[in-house]
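S.K.: Quick one: the structure is below, and I'll ask about it shortly.
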Amino acid sequence: MSTYGKVAFYPGCALDGLGKPYEVSLKLAAQDLGLEYEKIEDYNCCGALEVKNVNTMAGLLLPARNLSLARSMGANAIMSACPGCHYSLSRTQYFMTRYPKLSAKVNAYLEKMGEKPYDEQLLMIHAVEFFYNTVGPEGIKAKVKRPLTGLKVAPYYGCLYARPKAYTLTGYMRMKDDPERPFFMDELLKALGAEVVPFEAKTMCCGGPHVYSDAETSLHLEARILKEAKRNGAEILVTDCPLGHVAIESNMNKIASKYGEDLRMPLAYFTQLLAFAFGHGPDETLLTANLTNPMSVLKRYL
Amino acid sequence: MPIPELEKPIIKGLIQKDKVVIDGLELDGTWNAFMIERTQTGYDPSVWDEIANTVEGNTISLCWQCGTCTSGCTMREYDPKYSPRRFIDLARKGDKQSLMELQDSLWRCVSCQKCTHRCPKGVLVEEVVHAIHNYMLKHGLVKKDPGTVFDEIFLEAVMKNGGRISELVLGGASAKAGFVTLSIRDLIAMSGPLLRSGLIKDLMKPSKVKNWDRIKKVLEEAMNEEVTPE
Ligand code: SF4
Ligand code: SF4
């Protein structure tokens with residue numbers, strides 16, 4: 001794609017785990033749209049939001065190895081579907097470009113690992129930006145076989161899709177979303193025929209790194225996201241973040257029993273809706289593998 | 001509308017301390033404010049220097065105490081004692097005692113990045129908050145908190161499982177550490193779709209990075225290296 005040059009895809013652990021439906025549907029949607037990317041096969045964990053707190057060098061080296069692999073593939077940009085990965089990779093790039101001596105150290109260790117030093121030349125992109133800036137809403141509209149007319153969706157972007165601007169570069173260029181009130185995913189969903197409800201919890205936190213260690217706070221944060229979606233009449237929460245998606249889905253029973261059954265709502269990744277609207281079936285898009293059964297609201301489009 | 005501050009009794013000039021030592025004498029009770037300067041001992045200017053000399057904490061010096069970080073902070077809503085602005089102020093003053101009193105709050109950052117994103121001075125607030133907390137941990141001034149326990153579990157899982165993790169590996173390790181995880185009802189609700197889609201196989205056995213042993217060795221070596229922001 002000329003927009004980005006050659007794109008390497010960083011799946012990250014989440015997309016090889018409970019986030020599999022995200023990866024599978026991303027691939028289907030991209031294929032239908034003629035978008036190309038090359039997966040980094042031998043990737044390692046990016047360290048997420050945890051490793052950096054334990055050890056500075058480990059927090060930089062884990063992402064740096066992936067950046068180096070992407071450059072070895074000849075990529076100009078690296079796409080993550082998980083905002084957590086997108087953040088970690090961008091953070092490493094930030095620190096490497098700011099501190100030359102630190103960067104030299106990181107590179108020396110990369111070479112010891114048998115990888116090339118990282119030349120800091122990649123553009124970090126998120127899957128939502130990838131679709132928006134290449135084919136865009138118009139390109140998507142042209143492929144829709146199963147319009148999702150009247151489907152009321154609340155797009156949940158999560159914290160790290162756009163924040164912080166110092167790492168993700170949001171707000172500095174047109175190719176990046178509005179960090180306070182993002183809209184790229186809204187436009188993609190509208191192109192499928194869906195109705196995007198007003199939703200002010202788009203970038204609210206789900207408790208992220210503390211879903212286990214501060215569980216009660218996380219439940220409350222997640223309930224608040226669902227409440228805002230419900231309040232505005234959404235039937236389904238559409239996500240671009242496997243961390244938030246998995247946290248909310250696996251906590252749904254607890255949220256419902258603590259904050260009310262009426263908060264129950266199915267979740268789907270935005271790529272699942274893309275692939276579904278392009279004509280792929282519920283099994284193929286793994287919509288049947290989501291814990292909250294999104295087919296309950298999508299079956300009327302079959 | 002009531003103004004909360006005005007509803008509180010204002011005891012001007014009085015401070016309360018459980019244990020105060022003045023010139024070697026132990027005193028308890030309520031004292032006049034002229035003692036503040038003398039009772040708050042232990043300001044340690046090296047705190048600021050040490051934090052500013054870490055990669056994460058380097059931007060602490062840029063802060064001009066506007067409070068933008070605290071006003072939008074996710075954790076602030078749940079814990080009124082949680083205030084990145086105040087943590088920075090205390091760390092720069094070197095008021096270790098006050099930071100110690102805040103230990104049940106200090107660790108609770110959920111890394112939502114609103115603060116870093118919005119800081120008008122370019123302070124990487126989320127990083128700085130972690131640097132302050134790490135300083136306290138390193139010097140044994142706070143007890144180990146659940147967040148740090150989880151962070152360590154995470155790193156260990158990455159190292160042990162060939163450079164990758166899965167939700168099951170993490171969930172299992174967290175359960176061992178005594179964190180709340182999934183109930184039987186949740187597990188039953190989850191396993192249906194996972195079994196049907198064949199996802200369960202991937203979850204049980206995350207694939208490994210090639211040459212992980214070599215990479216791991218280098219990582220372990222790198223982790224012993226002290227790095228500074230330059
Ligand atoms: S927003 Fe920035 S400058 Fe303002 S108090 Fe917070 S860290 Fe300091
Ligand atoms: S990253 Fe942490 S300190 Fe900053 S706003 Fe979020 S919870 Fe508060």
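FYI, nothing fancy with the structure tokens labels: chains A, B, ... in order, residues from 1 per chain, ligands from 1 as they appear.
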Per residue of range 214-283 of chain A within 10 Å of range 1-15 of chain A, what are the shortest atom pair and its distance in Å to one decimal, counting only C-alpha atoms, with rows by chain and residue number, as CSV?
M.R.:
```
residue,atom,partner,partner_atom,distance
A:Cys241,CA,A:Ala14,CA,9.5
A:Pro242,CA,A:Ala14,CA,6.4
A:Leu243,CA,A:Ala14,CA,7.3
A:Val246,CA,A:Ala14,CA,9.1
```
S.K.: Restricting the output to C-alpha atoms, write the selected residues as a PDB file, in the first residue's frame.
M.R.:
```pdb
ATOM      1  CA  CYS A 241      -8.494  -3.422  21.864  1.00  0.00           C
ATOM      2  CA  PRO A 242      -8.120  -7.095  22.784  1.00  0.00           C
ATOM      3  CA  LEU A 243      -7.168  -6.215  26.363  1.00  0.00           C
ATOM      4  CA  VAL A 246     -11.254  -9.729  26.879  1.00  0.00           C
TER       5      VAL A 246
END
```
S.K.: Tell me, as a list of chain:residue names, which residues lie within 7 Å of Gly163 in chain B, counting only C-alpha atoms; anything in the same chain fewer than 4 positions away does not count.
M.R.: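 Listing them by chain and then by number gives A:Asn44, A:Cys45, B:Val158, B:Met159, B:Lys208, B:Val209, B:Trp212.
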S.K.: Counting only C-alpha atoms, what is within 7 Å of range 22-26 of chain A, bar same-chain residues fewer than 2 positions away, as a list in words?
M.R.: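 What passes the distance filter is Leu15, Gly19, Lys20, Leu28, Ala29, Ala30, Tyr269, Thr271, Gln272, Ala275 and Thr285 of chain A.
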S.K.: The selected residues should be written to file as a PDB file, in the first residue's frame (atoms: all heavy atoms).
M.R.:
```pdb
ATOM      1  N   LEU A  15      -3.471 -11.492  20.320  1.00  0.00           N
ATOM      2  CA  LEU A  15      -4.134 -11.954  19.105  1.00  0.00           C
ATOM      3  C   LEU A  15      -3.883 -13.424  18.820  1.00  0.00           C
ATOM      4  O   LEU A  15      -4.566 -14.032  18.004  1.00  0.00           O
ATOM      5  CB  LEU A  15      -3.731 -11.104  17.898  1.00  0.00           C
ATOM      6  CG  LEU A  15      -4.733  -9.971  17.634  1.00  0.00           C
ATOM      7  CD1 LEU A  15      -4.643  -8.911  18.693  1.00  0.00           C
ATOM      8  CD2 LEU A  15      -4.598  -9.416  16.256  1.00  0.00           C
ATOM      9  N   GLY A  19      -7.685 -13.306  21.818  1.00  0.00           N
ATOM     10  CA  GLY A  19      -7.990 -12.334  20.772  1.00  0.00           C
ATOM     11  C   GLY A  19      -7.947 -12.898  19.361  1.00  0.00           C
ATOM     12  O   GLY A  19      -7.980 -12.156  18.383  1.00  0.00           O
ATOM     13  N   LYS A  20      -7.866 -14.217  19.258  1.00  0.00           N
ATOM     14  CA  LYS A  20      -7.809 -14.866  17.931  1.00  0.00           C
ATOM     15  C   LYS A  20      -8.893 -14.364  16.963  1.00  0.00           C
ATOM     16  O   LYS A  20      -8.605 -14.137  15.784  1.00  0.00           O
ATOM     17  CB  LYS A  20      -7.934 -16.384  18.101  1.00  0.00           C
ATOM     18  CG  LYS A  20      -7.391 -17.179  16.928  1.00  0.00           C
ATOM     19  CD  LYS A  20      -5.905 -17.170  16.969  1.00  0.00           C
ATOM     20  CE  LYS A  20      -5.255 -17.822  15.774  1.00  0.00           C
ATOM     21  NZ  LYS A  20      -3.792 -17.654  15.868  1.00  0.00           N
ATOM     22  N   LEU A  28      -9.305 -11.579   7.100  1.00  0.00           N
ATOM     23  CA  LEU A  28     -10.388 -11.682   6.120  1.00  0.00           C
ATOM     24  C   LEU A  28     -10.719 -10.313   5.534  1.00  0.00           C
ATOM     25  O   LEU A  28     -10.820 -10.157   4.312  1.00  0.00           O
ATOM     26  CB  LEU A  28     -11.650 -12.245   6.789  1.00  0.00           C
ATOM     27  CG  LEU A  28     -11.666 -13.717   7.192  1.00  0.00           C
ATOM     28  CD1 LEU A  28     -12.969 -14.028   7.931  1.00  0.00           C
ATOM     29  CD2 LEU A  28     -11.510 -14.625   5.971  1.00  0.00           C
ATOM     30  N   ALA A  29     -10.881  -9.325   6.410  1.00  0.00           N
ATOM     31  CA  ALA A  29     -11.270  -7.991   5.948  1.00  0.00           C
ATOM     32  C   ALA A  29     -10.193  -7.397   5.046  1.00  0.00           C
ATOM     33  O   ALA A  29     -10.496  -6.839   3.984  1.00  0.00           O
ATOM     34  CB  ALA A  29     -11.533  -7.085   7.138  1.00  0.00           C
ATOM     35  N   ALA A  30      -8.932  -7.541   5.457  1.00  0.00           N
ATOM     36  CA  ALA A  30      -7.841  -6.976   4.666  1.00  0.00           C
ATOM     37  C   ALA A  30      -7.761  -7.644   3.294  1.00  0.00           C
ATOM     38  O   ALA A  30      -7.578  -6.976   2.268  1.00  0.00           O
ATOM     39  CB  ALA A  30      -6.521  -7.125   5.412  1.00  0.00           C
ATOM     40  N   TYR A 269     -15.132  -7.381  17.813  1.00  0.00           N
ATOM     41  CA  TYR A 269     -14.050  -6.559  17.274  1.00  0.00           C
ATOM     42  C   TYR A 269     -14.528  -5.882  16.002  1.00  0.00           C
ATOM     43  O   TYR A 269     -15.326  -6.455  15.245  1.00  0.00           O
ATOM     44  CB  TYR A 269     -12.829  -7.429  16.957  1.00  0.00           C
ATOM     45  CG  TYR A 269     -12.189  -8.013  18.192  1.00  0.00           C
ATOM     46  CD1 TYR A 269     -12.376  -9.346  18.538  1.00  0.00           C
ATOM     47  CD2 TYR A 269     -11.413  -7.219  19.025  1.00  0.00           C
ATOM     48  CE1 TYR A 269     -11.795  -9.877  19.680  1.00  0.00           C
ATOM     49  CE2 TYR A 269     -10.836  -7.735  20.163  1.00  0.00           C
ATOM     50  CZ  TYR A 269     -11.021  -9.057  20.494  1.00  0.00           C
ATOM     51  OH  TYR A 269     -10.455  -9.566  21.628  1.00  0.00           O
ATOM     52  N   THR A 271     -13.128  -5.507  13.298  1.00  0.00           N
ATOM     53  CA  THR A 271     -12.787  -6.282  12.097  1.00  0.00           C
ATOM     54  C   THR A 271     -13.771  -7.436  11.886  1.00  0.00           C
ATOM     55  O   THR A 271     -14.011  -7.841  10.753  1.00  0.00           O
ATOM     56  CB  THR A 271     -11.372  -6.863  12.224  1.00  0.00           C
ATOM     57  OG1 THR A 271     -11.235  -7.457  13.525  1.00  0.00           O
ATOM     58  CG2 THR A 271     -10.323  -5.789  12.049  1.00  0.00           C
ATOM     59  N   GLN A 272     -14.346  -7.926  12.995  1.00  0.00           N
ATOM     60  CA  GLN A 272     -15.360  -8.979  12.857  1.00  0.00           C
ATOM     61  C   GLN A 272     -16.589  -8.415  12.140  1.00  0.00           C
ATOM     62  O   GLN A 272     -17.174  -9.072  11.286  1.00  0.00           O
ATOM     63  CB  GLN A 272     -15.762  -9.526  14.228  1.00  0.00           C
ATOM     64  CG  GLN A 272     -14.706 -10.412  14.856  1.00  0.00           C
ATOM     65  CD  GLN A 272     -15.172 -10.992  16.181  1.00  0.00           C
ATOM     66  OE1 GLN A 272     -15.444 -10.240  17.114  1.00  0.00           O
ATOM     67  NE2 GLN A 272     -15.268 -12.311  16.278  1.00  0.00           N
ATOM     68  N   ALA A 275     -15.658  -7.998   8.375  1.00  0.00           N
ATOM     69  CA  ALA A 275     -15.675  -9.271   7.647  1.00  0.00           C
ATOM     70  C   ALA A 275     -17.105  -9.814   7.524  1.00  0.00           C
ATOM     71  O   ALA A 275     -17.492 -10.341   6.473  1.00  0.00           O
ATOM     72  CB  ALA A 275     -14.770 -10.291   8.339  1.00  0.00           C
ATOM     73  N   THR A 285     -15.767 -15.779  10.821  1.00  0.00           N
ATOM     74  CA  THR A 285     -15.294 -14.554  11.476  1.00  0.00           C
ATOM     75  C   THR A 285     -15.075 -14.780  12.973  1.00  0.00           C
ATOM     76  O   THR A 285     -14.729 -13.848  13.689  1.00  0.00           O
ATOM     77  CB  THR A 285     -16.326 -13.428  11.326  1.00  0.00           C
ATOM     78  OG1 THR A 285     -17.595 -13.946  11.753  1.00  0.00           O
ATOM     79  CG2 THR A 285     -16.457 -12.949   9.908  1.00  0.00           C
TER      80      THR A 285
END
```
S.K.: Pick out the residues sitting within 9 Å of Gly114 in chain A, and hand them over as a list of chain:residue names; count only C-alpha atoms, and ignore anything fewer than 3 positions along from it in its own chain.
M.R.: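 Final neighbour list, sorted by chain and number: A:Tyr109, A:Leu110, A:Glu111, B:Arg214, B:Ile215.
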S.K.: Would you please work out which residue, of B:Cys73, B:Leu170, B:Leu62, B:Leu25, is nearest to Val128 in chain B when using only C-alpha atoms?
M.R.: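 Nearest candidate to Val128 in chain B out of B:Cys73, B:Leu170, B:Leu62, B:Leu25: B:Leu62.
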S.K.: One decimal, Å: what's the distance from CA of Tyr99 in chain A over to CA of Cys119 in chain B, could you say?
M.R.: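 Interatomic distance here is 20.8 Å.
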S.K.: Hey, which residues come within 8 Å of ligand 1 if we count only C-alpha atoms and all ligand atoms? Could you give them as a count of residues only?
M.R.: 24
S.K.: Residues within 7 Å of range 90-93 of chain A, please, as number ranges by chain. Count only C-alpha atoms; anything in the same chain fewer than 4 positions from it doesn't count.
M.R.: A: 60, 63-64, 86, 97, 120, 124, 167-168
S.K.: Next, dump the selected residues to file, keeping only all heavy atoms, as a PDB file, in the first residue's frame.
M.R.:
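As a result, selection02.pdb now contains:
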```pdb
ATOM      1  N   LEU A  60      12.393  -1.997  27.321  1.00  0.00           N
ATOM      2  CA  LEU A  60      12.749  -1.421  26.023  1.00  0.00           C
ATOM      3  C   LEU A  60      13.173  -2.492  25.020  1.00  0.00           C
ATOM      4  O   LEU A  60      12.884  -2.405  23.825  1.00  0.00           O
ATOM      5  CB  LEU A  60      13.899  -0.416  26.192  1.00  0.00           C
ATOM      6  CG  LEU A  60      13.567   0.852  26.989  1.00  0.00           C
ATOM      7  CD1 LEU A  60      14.838   1.630  27.300  1.00  0.00           C
ATOM      8  CD2 LEU A  60      12.587   1.730  26.222  1.00  0.00           C
ATOM      9  N   PRO A  63      10.172  -4.777  23.109  1.00  0.00           N
ATOM     10  CA  PRO A  63       9.624  -4.149  21.906  1.00  0.00           C
ATOM     11  C   PRO A  63      10.680  -3.942  20.818  1.00  0.00           C
ATOM     12  O   PRO A  63      10.403  -4.151  19.631  1.00  0.00           O
ATOM     13  CB  PRO A  63       9.109  -2.798  22.400  1.00  0.00           C
ATOM     14  CG  PRO A  63       8.972  -2.922  23.861  1.00  0.00           C
ATOM     15  CD  PRO A  63       9.982  -3.929  24.305  1.00  0.00           C
ATOM     16  N   ALA A  64      11.900  -3.554  21.227  1.00  0.00           N
ATOM     17  CA  ALA A  64      12.925  -3.224  20.229  1.00  0.00           C
ATOM     18  C   ALA A  64      13.233  -4.415  19.323  1.00  0.00           C
ATOM     19  O   ALA A  64      13.467  -4.251  18.125  1.00  0.00           O
ATOM     20  CB  ALA A  64      14.198  -2.748  20.919  1.00  0.00           C
ATOM     21  N   HIS A  86       0.773  -1.423  20.359  1.00  0.00           N
ATOM     22  CA  HIS A  86       1.018  -0.173  19.630  1.00  0.00           C
ATOM     23  C   HIS A  86       1.712   0.832  20.547  1.00  0.00           C
ATOM     24  O   HIS A  86       2.692   1.474  20.178  1.00  0.00           O
ATOM     25  CB  HIS A  86      -0.331   0.362  19.156  1.00  0.00           C
ATOM     26  CG  HIS A  86      -0.294   1.662  18.423  1.00  0.00           C
ATOM     27  ND1 HIS A  86       0.480   1.859  17.305  1.00  0.00           N
ATOM     28  CD2 HIS A  86      -0.930   2.835  18.656  1.00  0.00           C
ATOM     29  CE1 HIS A  86       0.305   3.112  16.871  1.00  0.00           C
ATOM     30  NE2 HIS A  86      -0.532   3.724  17.685  1.00  0.00           N
ATOM     31  N   THR A  97      14.793   7.383  20.369  1.00  0.00           N
ATOM     32  CA  THR A  97      15.137   8.592  19.619  1.00  0.00           C
ATOM     33  C   THR A  97      15.555   9.725  20.559  1.00  0.00           C
ATOM     34  O   THR A  97      16.351  10.567  20.191  1.00  0.00           O
ATOM     35  CB  THR A  97      13.969   9.074  18.734  1.00  0.00           C
ATOM     36  OG1 THR A  97      12.781   9.072  19.521  1.00  0.00           O
ATOM     37  CG2 THR A  97      13.748   8.188  17.546  1.00  0.00           C
ATOM     38  N   GLU A 120      15.348   3.047  13.945  1.00  0.00           N
ATOM     39  CA  GLU A 120      14.339   4.035  14.354  1.00  0.00           C
ATOM     40  C   GLU A 120      13.562   4.629  13.179  1.00  0.00           C
ATOM     41  O   GLU A 120      13.118   5.773  13.233  1.00  0.00           O
ATOM     42  CB  GLU A 120      14.990   5.154  15.199  1.00  0.00           C
ATOM     43  CG  GLU A 120      15.611   4.629  16.482  1.00  0.00           C
ATOM     44  CD  GLU A 120      16.644   5.559  17.115  1.00  0.00           C
ATOM     45  OE1 GLU A 120      16.628   6.756  16.803  1.00  0.00           O
ATOM     46  OE2 GLU A 120      17.469   5.077  17.916  1.00  0.00           O
ATOM     47  N   MET A 124       4.679   3.779  13.414  1.00  0.00           N
ATOM     48  CA  MET A 124       3.802   2.863  14.163  1.00  0.00           C
ATOM     49  C   MET A 124       2.355   3.152  13.779  1.00  0.00           C
ATOM     50  O   MET A 124       1.927   4.300  13.844  1.00  0.00           O
ATOM     51  CB  MET A 124       3.931   3.090  15.673  1.00  0.00           C
ATOM     52  CG  MET A 124       5.323   3.282  16.169  1.00  0.00           C
ATOM     53  SD  MET A 124       6.228   1.758  16.115  1.00  0.00           S
ATOM     54  CE  MET A 124       7.891   2.406  16.000  1.00  0.00           C
ATOM     55  N   TYR A 167       3.996   9.530  22.346  1.00  0.00           N
ATOM     56  CA  TYR A 167       4.408   8.231  21.796  1.00  0.00           C
ATOM     57  C   TYR A 167       3.676   7.920  20.485  1.00  0.00           C
ATOM     58  O   TYR A 167       4.273   7.462  19.530  1.00  0.00           O
ATOM     59  CB  TYR A 167       4.111   7.093  22.788  1.00  0.00           C
ATOM     60  CG  TYR A 167       4.788   7.203  24.139  1.00  0.00           C
ATOM     61  CD1 TYR A 167       4.420   6.361  25.177  1.00  0.00           C
ATOM     62  CD2 TYR A 167       5.800   8.131  24.375  1.00  0.00           C
ATOM     63  CE1 TYR A 167       5.027   6.448  26.432  1.00  0.00           C
ATOM     64  CE2 TYR A 167       6.406   8.228  25.627  1.00  0.00           C
ATOM     65  CZ  TYR A 167       6.016   7.390  26.646  1.00  0.00           C
ATOM     66  OH  TYR A 167       6.603   7.472  27.873  1.00  0.00           O
ATOM     67  N   THR A 168       2.355   8.118  20.485  1.00  0.00           N
ATOM     68  CA  THR A 168       1.570   7.672  19.335  1.00  0.00           C
ATOM     69  C   THR A 168       1.487   8.720  18.222  1.00  0.00           C
ATOM     70  O   THR A 168       1.009   8.421  17.134  1.00  0.00           O
ATOM     71  CB  THR A 168       0.140   7.314  19.763  1.00  0.00           C
ATOM     72  OG1 THR A 168      -0.454   8.475  20.357  1.00  0.00           O
ATOM     73  CG2 THR A 168       0.123   6.186  20.783  1.00  0.00           C
TER      74      THR A 168
END
```
S.K.: Give me the chain B side of the contact with ligand 2, cut-off 6 Å, one line per residue showing its nearest atom pair and distance in Å at one decimal, counting only C-alpha atoms and all ligand atoms, sorted by chain and residue number, as JSON lines.
M.R.:
```
{"residue": "B:Cys73", "atom": "CA", "partner": "ligand 2", "partner_atom_place_in_ligand_line": "5 (S)", "distance": 3.5}
{"residue": "B:Thr74", "atom": "CA", "partner": "ligand 2", "partner_atom_place_in_ligand_line": "7 (S)", "distance": 4.7}
{"residue": "B:Met75", "atom": "CA", "partner": "ligand 2", "partner_atom_place_in_ligand_line": "7 (S)", "distance": 4.7}
{"residue": "B:Pro84", "atom": "CA", "partner": "ligand 2", "partner_atom_place_in_ligand_line": "3 (S)", "distance": 5.6}
{"residue": "B:Cys109", "atom": "CA", "partner": "ligand 2", "partner_atom_place_in_ligand_line": "2 (Fe)", "distance": 3.7}
{"residue": "B:Val110", "atom": "CA", "partner": "ligand 2", "partner_atom_place_in_ligand_line": "7 (S)", "distance": 4.5}
{"residue": "B:Ser111", "atom": "CA", "partner": "ligand 2", "partner_atom_place_in_ligand_line": "1 (S)", "distance": 3.6}
{"residue": "B:Cys112", "atom": "CA", "partner": "ligand 2", "partner_atom_place_in_ligand_line": "6 (Fe)", "distance": 4.0}
{"residue": "B:Gln113", "atom": "CA", "partner": "ligand 2", "partner_atom_place_in_ligand_line": "1 (S)", "distance": 4.0}
{"residue": "B:Lys114", "atom": "CA", "partner": "ligand 2", "partner_atom_place_in_ligand_line": "5 (S)", "distance": 4.5}
{"residue": "B:Cys115", "atom": "CA", "partner": "ligand 2", "partner_atom_place_in_ligand_line": "4 (Fe)", "distance": 4.2}
{"residue": "B:Glu126", "atom": "CA", "partner": "ligand 2", "partner_atom_place_in_ligand_line": "1 (S)", "distance": 4.6}
```
S.K.: Taking the backbone alone, and naming residues the way the document does, which bits of range 107-295 of chain A are strand (DSSP E) by DSSP, as a list in words?
M.R.: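 Of range 107-295 of chain A, only Leu123, Met124, Ile125, His126, Lys152, Val153, Ala154, Pro155, Tyr156, Glu195, Val196, Ile236, Leu237, Val238, Thr239, Leu267, Ala268 and Tyr269 of chain A fall in strand (DSSP E).
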S.K.: Restricting the calculation to only C-alpha atoms: of B:Gly192, B:Pro80, B:Pro45, B:Gly178, which residue gets closest to Lys96 in chain B?
M.R.: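 Answer, going by the shortest atom-to-atom distance: B:Pro45.
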S.K.: Could you give me, as a PyMOL selection string, the residues within 7 Å of Thr228 in chain B, counting only C-alpha atoms and dropping anything in the same chain fewer than 3 positions from it?
M.R.: chain B and resi 53-55
S.K.: Write the selection just made, keeping N, CA, C and O atoms, as a CSV table (one decimal), in the first residue's frame?
M.R.:
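Okay, result-v3.csv is ready:
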```
chain,number,residue,atom,x,y,z
B,53,ASN,N,17.2,11.0,37.5
B,53,ASN,CA,18.3,10.3,36.8
B,53,ASN,C,17.9,8.9,36.3
B,53,ASN,O,18.7,8.1,35.9
B,54,THR,N,16.6,8.6,36.3
B,54,THR,CA,16.1,7.4,35.7
B,54,THR,C,15.5,7.7,34.3
B,54,THR,O,15.0,8.9,34.1
B,55,VAL,N,15.4,6.7,33.5
B,55,VAL,CA,14.9,7.0,32.1
B,55,VAL,C,13.4,7.4,32.3
B,55,VAL,O,12.9,8.3,31.6
```
